[in-house]
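Have a look at protein-v8.txt below; it lists compact mmCIF, C-alpha atoms and all ligand atoms.
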# COMPACT_ATOMS: atom_id res chain seq x y z
CA MET A 274 139.55 100.35 202.51
CA ASN A 275 138.89 102.05 199.18
CA LEU A 276 136.85 105.26 199.34
CA LYS A 277 138.24 106.78 196.13
CA GLY A 278 135.63 108.75 194.22
CA LYS A 279 133.07 108.59 197.08
CA ASP A 280 131.15 111.72 198.13
CA PHE A 281 131.07 112.70 201.81
CA LEU A 282 127.55 114.09 202.21
CA LYS A 283 126.31 112.54 205.48
CA LEU A 284 127.44 109.82 207.88
CA LEU A 285 124.39 107.70 207.00
CA ASP A 286 126.15 106.97 203.67
CA TYR A 287 129.19 105.51 205.46
CA THR A 288 129.61 102.21 207.33
CA SER A 289 130.99 102.10 210.89
CA GLU A 290 134.20 100.58 209.51
CA GLU A 291 134.60 103.40 206.98
CA ILE A 292 134.07 106.05 209.67
CA GLU A 293 136.57 104.32 211.95
CA TYR A 294 139.05 104.19 209.07
CA LEU A 295 138.69 107.97 208.47
CA ILE A 296 139.21 108.75 212.17
CA ASN A 297 142.32 106.55 212.34
CA LEU A 298 143.64 108.04 209.09
CA ALA A 299 143.16 111.53 210.58
CA ALA A 300 145.12 110.51 213.70
CA ASP A 301 147.93 109.28 211.47
CA LEU A 302 147.92 112.47 209.35
CA LYS A 303 147.94 114.53 212.57
CA LYS A 304 151.08 112.67 213.72
CA LYS A 305 152.72 113.27 210.33
CA LYS A 306 151.93 116.99 210.47
CA LYS A 307 153.23 117.32 214.05
CA SER A 308 156.49 115.56 213.19
CA GLY A 309 156.99 117.55 210.01
CA ILE A 310 156.68 114.51 207.70
CA PRO A 311 155.53 115.73 204.27
CA HIS A 312 152.34 114.15 202.94
CA ASP A 313 151.73 116.13 199.75
CA ILE A 314 150.60 113.07 197.85
CA LEU A 315 147.83 114.88 195.96
CA LYS A 316 150.19 117.27 194.19
CA GLY A 317 148.76 118.63 190.95
CA LYS A 318 145.13 118.32 192.07
CA ASN A 319 142.79 121.26 192.71
CA ILE A 320 139.66 121.71 194.79
CA ALA A 321 136.85 124.28 194.89
CA LEU A 322 135.26 125.46 198.13
CA ILE A 323 131.72 126.83 197.88
CA PHE A 324 130.49 128.69 200.96
CA GLU A 325 126.93 130.04 200.95
CA LYS A 326 127.20 130.60 204.73
CA THR A 327 130.12 132.08 206.69
CA SER A 328 132.90 129.97 208.23
CA THR A 329 136.19 130.13 210.09
CA ARG A 330 137.12 126.51 210.99
CA THR A 331 135.71 124.66 208.00
CA ARG A 332 137.11 126.98 205.36
CA CYS A 333 140.56 127.24 207.00
CA SER A 334 140.66 123.47 207.54
CA PHE A 335 139.87 122.70 203.91
CA GLU A 336 142.41 125.28 202.69
CA VAL A 337 145.29 124.20 204.96
CA ALA A 338 144.56 120.48 204.55
CA ALA A 339 144.48 120.87 200.77
CA ARG A 340 147.80 122.75 200.77
CA ASP A 341 149.42 120.17 203.08
CA LEU A 342 148.32 117.50 200.58
CA GLY A 343 149.89 119.52 197.76
CA MET A 344 146.65 120.75 196.18
CA GLY A 345 145.53 124.11 194.83
CA VAL A 346 142.38 125.73 196.28
CA THR A 347 139.75 128.17 194.99
CA TYR A 348 137.37 129.74 197.52
CA LEU A 349 133.95 130.88 196.27
CA ASP A 350 131.88 133.00 198.63
CA PRO A 351 128.16 133.64 198.09
CA GLY A 352 128.82 136.95 196.37
CA ALA A 353 131.66 135.72 194.18
CA SER A 354 130.00 133.17 191.93
CA GLN A 355 126.96 132.69 189.73
CA ILE A 356 125.61 129.83 191.88
CA GLY A 357 121.88 129.90 192.45
CA ARG A 358 121.23 133.34 190.97
CA LYS A 359 122.47 132.89 187.39
CA GLU A 360 123.45 129.22 187.30
CA SER A 361 121.72 126.13 188.65
CA ILE A 362 123.37 123.66 191.01
CA ALA A 363 123.34 121.01 188.26
CA ASP A 364 125.16 123.29 185.79
CA THR A 365 127.61 124.46 188.46
CA ALA A 366 128.40 120.83 189.32
CA ARG A 367 129.14 119.96 185.70
CA VAL A 368 131.31 123.05 185.18
CA LEU A 369 133.31 122.74 188.41
CA SER A 370 133.84 119.01 188.14
CA SER A 371 135.38 119.47 184.70
CA ILE A 372 137.94 121.85 186.20
CA TYR A 373 138.47 120.56 189.78
CA ASP A 374 139.21 117.20 191.42
CA GLY A 375 136.91 117.77 194.42
CA ILE A 376 134.22 120.21 195.57
CA GLU A 377 133.29 121.30 199.10
CA TYR A 378 129.84 122.81 199.66
CA ARG A 379 128.43 124.67 202.70
CA GLY A 380 124.90 125.97 202.43
CA PHE A 381 121.26 125.54 203.26
CA GLY A 382 119.16 122.44 202.50
CA GLN A 383 120.82 119.00 202.36
CA GLU A 384 119.07 118.45 199.01
CA ILE A 385 121.35 121.11 197.46
CA VAL A 386 124.57 119.30 198.31
CA GLU A 387 122.95 116.00 197.23
CA GLU A 388 122.01 117.62 193.89
CA LEU A 389 125.55 118.96 193.47
CA ALA A 390 126.93 115.46 194.05
CA LYS A 391 124.43 113.93 191.63
CA TYR A 392 125.70 116.06 188.75
CA SER A 393 129.36 116.17 189.77
CA THR A 394 131.86 113.68 188.37
CA VAL A 395 134.30 114.36 191.23
CA PRO A 396 133.82 113.84 195.00
CA VAL A 397 131.61 116.38 196.80
CA TRP A 398 132.14 117.03 200.54
CA ASN A 399 129.46 118.50 202.80
CA GLY A 400 130.91 121.43 204.76
CA LEU A 401 127.57 121.95 206.65
CA THR A 402 123.93 122.07 205.66
CA ASN A 403 120.87 122.81 207.78
CA GLU A 404 120.45 119.07 208.36
CA PHE A 405 123.99 117.67 208.68
CA HIS A 406 127.59 118.62 209.49
CA PRO A 407 129.46 115.34 208.95
CA THR A 408 133.08 116.58 208.90
CA GLN A 409 132.49 118.12 212.36
CA ILE A 410 131.55 114.71 213.78
CA LEU A 411 134.80 113.13 212.60
CA ALA A 412 136.73 115.85 214.48
CA ASP A 413 134.54 115.39 217.56
CA PHE A 414 135.07 111.63 217.57
CA LEU A 415 138.83 111.92 217.02
CA THR A 416 138.88 114.22 220.08
CA ILE A 417 136.84 111.75 222.17
CA LYS A 418 139.19 108.93 221.12
CA GLU A 419 142.21 111.01 222.10
CA LYS A 420 140.64 111.72 225.51
CA PHE A 421 139.11 108.33 226.38
CA GLY A 422 140.96 105.91 224.08
CA ARG A 423 137.68 104.56 222.68
CA LEU A 424 134.29 105.50 221.25
CA LYS A 425 132.18 102.43 222.02
CA GLY A 426 130.17 102.72 225.23
CA ILE A 427 130.91 106.43 225.77
CA ASN A 428 127.93 108.24 227.34
CA PHE A 429 127.39 111.22 225.06
CA VAL A 430 124.85 113.89 226.06
CA TYR A 431 123.77 116.69 223.73
CA LEU A 432 121.99 119.65 225.34
CA GLY A 433 120.05 122.25 223.36
CA ASP A 434 118.51 122.36 219.90
CA ALA A 435 118.91 118.70 218.90
CA ARG A 436 116.89 118.86 215.67
CA TYR A 437 119.41 120.85 213.61
CA ASN A 438 122.68 119.89 211.85
CA MET A 439 124.72 119.14 214.99
CA GLY A 440 122.09 117.18 216.93
CA ASN A 441 121.17 115.14 213.84
CA SER A 442 124.74 114.34 212.82
CA LEU A 443 125.89 113.53 216.34
CA MET A 444 122.96 111.15 216.80
CA VAL A 445 123.83 109.37 213.53
CA GLY A 446 127.54 109.29 214.43
CA CYS A 447 126.87 107.87 217.90
CA ALA A 448 124.52 105.21 216.49
CA LYS A 449 127.12 104.18 213.89
CA MET A 450 130.05 104.09 216.31
CA GLY A 451 128.34 102.58 219.37
CA LEU A 452 128.25 105.62 221.69
CA ASN A 453 125.18 106.06 223.90
CA PHE A 454 123.47 109.22 222.66
CA THR A 455 121.15 111.27 224.84
CA ALA A 456 119.39 114.34 223.45
CA CYS A 457 118.36 116.61 226.31
CA ALA A 458 115.90 119.41 225.52
CA PRO A 459 112.17 120.10 225.57
CA GLU A 460 110.46 117.55 223.32
CA LYS A 461 109.95 119.93 220.40
CA TYR A 462 113.76 120.16 219.99
CA PHE A 463 114.22 116.40 219.54
CA PRO A 464 115.36 115.21 216.09
CA ASP A 465 112.94 114.23 213.35
CA THR A 466 111.24 110.89 214.10
CA ASP A 467 112.20 109.27 210.75
CA LEU A 468 115.86 109.97 211.47
CA VAL A 469 115.45 108.67 215.03
CA ASP A 470 113.94 105.42 213.68
CA GLU A 471 116.82 105.02 211.25
CA CYS A 472 119.37 105.62 214.03
CA ARG A 473 117.62 103.14 216.34
CA LYS A 474 117.92 100.48 213.63
CA ILE A 475 121.65 101.19 213.28
CA ALA A 476 122.06 101.30 217.08
CA LYS A 477 120.62 97.77 217.40
CA GLU A 478 123.63 96.49 215.48
CA THR A 479 126.30 98.59 217.17
CA GLY A 480 124.99 98.38 220.74
CA ALA A 481 124.44 102.15 221.00
CA LYS A 482 121.53 103.51 223.03
CA ILE A 483 119.45 106.43 221.74
CA ILE A 484 117.77 108.28 224.61
CA PHE A 485 115.56 111.38 224.85
CA GLU A 486 115.31 113.12 228.20
CA GLU A 487 113.81 116.46 229.16
CA ASP A 488 115.42 116.64 232.61
CA PRO A 489 119.04 117.92 232.37
CA VAL A 490 120.01 116.50 235.77
CA LYS A 491 118.83 112.99 234.86
CA ALA A 492 120.33 113.23 231.36
CA THR A 493 123.80 114.32 232.39
CA LYS A 494 124.32 111.93 235.36
CA ASN A 495 127.46 109.86 234.57
CA ALA A 496 127.93 111.45 231.15
CA ASP A 497 131.42 111.22 229.64
CA VAL A 498 130.79 113.99 227.11
CA ILE A 499 128.57 117.05 227.47
CA TYR A 500 128.06 118.68 224.07
CA THR A 501 126.19 121.80 223.07
CA ASP A 502 125.83 124.14 220.08
CA VAL A 503 124.33 127.59 219.51
CA TRP A 504 120.57 127.84 220.06
CA VAL A 505 120.02 129.77 216.84
CA SER A 506 121.86 128.54 213.77
CA MET A 507 123.11 130.30 210.64
CA GLY A 508 120.26 131.15 208.32
CA GLU A 509 117.59 131.25 211.08
CA PRO A 510 115.80 134.57 211.66
CA GLU A 511 116.87 136.72 214.60
CA LEU A 512 113.32 136.78 215.94
CA VAL A 513 113.51 133.11 217.06
CA TRP A 514 115.98 134.10 219.80
CA ALA A 515 113.22 135.02 222.29
CA GLU A 516 111.59 131.60 221.96
CA ARG A 517 114.91 129.73 222.17
CA ILE A 518 116.06 131.64 225.26
CA ASN A 519 112.72 130.89 226.87
CA ASP A 520 112.70 127.19 225.92
CA LEU A 521 116.38 126.32 226.34
CA SER A 522 117.65 128.37 229.31
CA ASP A 523 117.36 125.36 231.63
CA TYR A 524 119.63 123.47 229.22
CA GLN A 525 122.58 125.85 229.39
CA VAL A 526 125.81 124.00 230.22
CA THR A 527 126.80 125.24 233.67
CA LYS A 528 129.26 124.18 236.37
CA LYS A 529 126.35 122.41 238.08
CA ILE A 530 125.74 120.28 234.96
CA MET A 531 129.45 119.44 234.66
CA LYS A 532 129.62 118.50 238.37
CA ASN A 533 126.59 116.27 237.93
CA ALA A 534 128.33 114.49 235.06
CA GLY A 535 131.49 113.95 237.08
CA GLU A 536 135.03 115.30 237.10
CA ASP A 537 136.24 113.08 234.23
CA ALA A 538 133.54 114.38 231.87
CA ILE A 539 134.60 116.66 229.03
CA PHE A 540 132.81 119.65 227.54
CA MET A 541 132.57 119.93 223.74
CA HIS A 542 131.17 122.53 221.32
CA CYS A 543 131.56 122.73 217.54
CA LEU A 544 132.07 126.53 217.85
CA PRO A 545 131.53 129.40 217.34
CA SER A 546 130.03 129.88 220.82
CA TYR A 547 128.24 132.63 222.72
CA HIS A 548 130.00 131.92 226.04
CA ASP A 549 130.46 135.60 226.88
CA LYS A 550 129.61 139.08 225.62
CA LYS A 551 132.74 139.51 223.51
CA THR A 552 131.00 139.10 220.15
CA GLU A 553 128.55 141.41 218.42
CA ILE A 554 125.65 138.93 218.46
CA GLY A 555 126.58 137.48 221.87
CA LYS A 556 126.52 140.95 223.43
CA ARG A 557 123.26 141.94 221.75
CA ILE A 558 121.48 138.76 222.87
CA CYS A 559 122.93 138.80 226.39
CA ASP A 560 121.99 142.46 226.89
CA LYS A 561 118.51 141.96 225.49
CA PHE A 562 117.75 138.93 227.67
CA ASN A 563 119.75 140.07 230.69
CA ARG A 564 122.35 137.30 230.87
CA ASP A 565 126.15 136.85 230.68
CA SER A 566 126.32 133.91 228.30
CA VAL A 567 124.00 131.80 226.18
CA GLU A 568 124.36 128.04 225.58
CA VAL A 569 127.36 127.56 227.93
CA THR A 570 128.76 129.64 230.78
CA ASN A 571 132.18 131.20 230.33
CA GLU A 572 133.30 129.29 233.43
CA VAL A 573 132.67 125.92 231.76
CA PHE A 574 133.96 127.06 228.37
CA GLU A 575 137.30 128.12 229.91
CA SER A 576 137.53 125.20 232.37
CA GLU A 577 139.96 122.27 232.40
CA GLN A 578 137.12 120.02 231.27
CA SER A 579 136.64 121.97 228.04
CA VAL A 580 138.31 120.46 224.95
CA VAL A 581 136.86 122.89 222.41
CA PHE A 582 140.17 124.06 220.93
CA GLN A 583 141.56 120.53 220.55
CA GLU A 584 138.27 119.73 218.82
CA ALA A 585 138.67 122.76 216.52
CA GLU A 586 142.21 121.76 215.56
CA ASN A 587 140.98 118.27 214.75
CA ARG A 588 138.71 119.73 212.07
CA MET A 589 141.79 120.18 209.91
CA HIS A 590 143.20 116.69 210.42
CA THR A 591 139.85 114.96 209.82
CA ILE A 592 138.96 117.06 206.75
CA LYS A 593 142.40 116.16 205.42
CA ALA A 594 141.60 112.48 205.96
CA VAL A 595 138.32 112.81 204.02
CA MET A 596 140.09 114.39 201.03
CA TYR A 597 143.04 111.97 201.24
CA ALA A 598 140.71 108.96 201.25
CA THR A 599 138.27 110.09 198.54
CA LEU A 600 140.69 111.59 195.99
N1 LIG A 701 132.37 124.35 213.56
C1 LIG A 701 132.34 124.98 212.38
O1 LIG A 701 131.86 124.47 211.37
O2 LIG A 701 132.90 126.23 212.39
P1 LIG A 701 132.85 127.29 211.20
O3 LIG A 701 131.43 127.74 211.04
O4 LIG A 701 133.77 128.39 211.65
O5 LIG A 701 133.34 126.63 209.94
N1 LIG A 702 124.27 124.77 214.25
C1 LIG A 702 125.31 125.68 213.87
C2 LIG A 702 126.60 124.95 213.64
C3 LIG A 702 127.78 125.84 213.30
C4 LIG A 702 129.03 125.07 213.08
C5 LIG A 702 124.88 126.45 212.64
O1 LIG A 702 124.38 125.83 211.70
O2 LIG A 702 125.03 127.67 212.61
Take the structure in the file and write it out as structure tokens.
Amino acid sequence: MNLKGKDFLKLLDYTSEEIEYLINLAADLKKKKKSGIPHDILKGKNIALIFEKTSTRTRCSFEVAARDLGMGVTYLDPGASQIGRKESIADTARVLSSIYDGIEYRGFGQEIVEELAKYSTVPVWNGLTNEFHPTQILADFLTIKEKFGRLKGINFVYLGDARYNMGNSLMVGCAKMGLNFTACAPEKYFPDTDLVDECRKIAKETGAKIIFEEDPVKATKNADVIYTDVWVSMGEPELVWAERINDLSDYQVTKKIMKNAGEDAIFMHCLPSYHDKKTEIGKRICDKFNRDSVEVTNEVFESEQSVVFQEAENRMHTIKAVMYATL
């Protein structure tokens, strides 16, 4: 499998075999890290990390993975570079790719990261856009494989706003890897119909099912994985909270939902999560709308069925695999 020089912008650009290869490579790199086997095979290389939105997991994963591989890292936050305000994406791409061996980008529209890749002569990795979050899906699928020993045939149910980066990318990932994907939300939160059509075509070849269901009890019956994400994403205005709380409250992941799925089901979340009132935004929203938690109850988040921290750790191993394979 040769992925050298390839960008990692969205899973649609990768075959099922390539995605499987990256997940297996991540598992191998995880073993190496745990047993203290050095794997600094990219010594002498350098990468740039551009973040136009905030991050904990993605930034830390890129930084630690790069260092484990022997590389140097430069972090550029929105205030610390000329990007967008004084310098176009095309010019930034040409400058950075003459200095660095790889570029990570987290920001707004998918077209920005695509533009960066178009003008860059080195691999560009998508660290989250409004539309897609592909490195997250690799971590999620590695976690599912660790839990169930397989991906094919897994019943994967996503509750909540399924038309944003997580819902879109998970649907593509499930279609590519043969998991049965159910999006459960009111109809207006279902992914874009063009993307659904594309995923249905892929699913025909992999045996995946793509299902849309408004009833959370029907959707989660016999699910292996219950997945959710925040109801308001980075970059969205605060005023959409009222509408989201109103529309999505019946889709909160509760003990009742987990029971309906069955005791072997796992709970997943890309994080960060508003599962209690211990964050500034979480507290403000909970107080305003008179609740204790938002997209998932604290009981489920802290339960035995929750694999959210294993999932978070796997961000690092899978991001490492992407850099290892493409550099
Ligand atoms: N899941 C995820 O991308 O987390 P960060 O926003 O902390 O990077
Ligand atoms: N949908 C979330 C994902 C965070 C990892 C957001 O874009 O804010």
* Closest to ligand LIG 702 (chain A) among A:Gly343, A:Gly278, A:Gly400, A:Gly555, using only C-alpha atoms and all ligand atoms? ->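 For ligand LIG 702 (chain A), the nearest of the given residues is A:Gly400.
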* Asked: Within 10 Å of ligand LIG 702 (chain A), counting only C-alpha atoms and all ligand atoms, which protein or nucleic acid residues do you find, written as a PyMOL selection string?
  -> chain A and resi 326-331+379-381+400-406+409+434-440+501-509+542-546
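Put simply, atom CA of Ala458 of chain A is 20.2 Å away from atom CA of Gly535 of chain A.
For Ala456 of chain A, the residues within 7 Å (counting only C-alpha atoms, excluding itself and residues fewer than 2 positions away along the chain) are Val430, Tyr431, Leu432, Ala435, Phe454, Ala458, Phe463, Ile484, Phe485 and Glu486 of chain A.
Here atom CA of Lys494 of chain A and atom CA of Asn428 of chain A stand 9.5 Å from one another.
Between atom CA of Glu290 of chain A and atom CA of Cys457 of chain A there is a distance of 28.1 Å.
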* List every protein, DNA or RNA residue that has at least one atom no more than 12 Å from (119.9, 115.9, 236.9) in the file's coordinates, counting only C-alpha atoms, and write the result as a PyMOL selection string. => chain A and resi 457+486-496+523-524+529-535
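Nearest to Val526 of chain A of all the residues A:Arg557, A:Lys418, A:His548, A:Lys391 is A:His548, based on only C-alpha atoms.
Taking only C-alpha atoms into account, Met344 of chain A lies nearest to A:Leu600 out of the set A:Leu295, A:Leu369, A:Leu600, A:Leu415.
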* Asked: Contacts of Ile310 of chain A at 12 Å or less, counting only C-alpha atoms, minus same-chain residues fewer than 6 places along, as a PyMOL selection string?
  -> chain A and resi 301-304+341-342
* **Contacts of Val368 of chain A at 12 Å (only C-alpha atoms; same-chain gap of 3+ positions) as a ChimeraX atom specification** => /A:321,355-356,360-365,371-374,376,389,392-395
* **Residue nearest Glu536 of chain A among A:Gln578, A:Ser442, A:Asn563, A:Thr570 (counting all atoms listed in the file)** => A:Gln578
* Nearest to Glu586 of chain A, chosen from A:Ile554, A:Ala300, A:Leu452, A:Val498, with all atoms listed in the file counted in the distances ->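 Among the listed residues, the smallest separation from Glu586 of chain A belongs to A:Ala300.
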* Between A:Leu411, A:Val569, A:Ala299, A:Met450, which has the minimum distance to ligand LIG 701 (chain A) (counting all atoms listed in the file)? -> A:Leu411
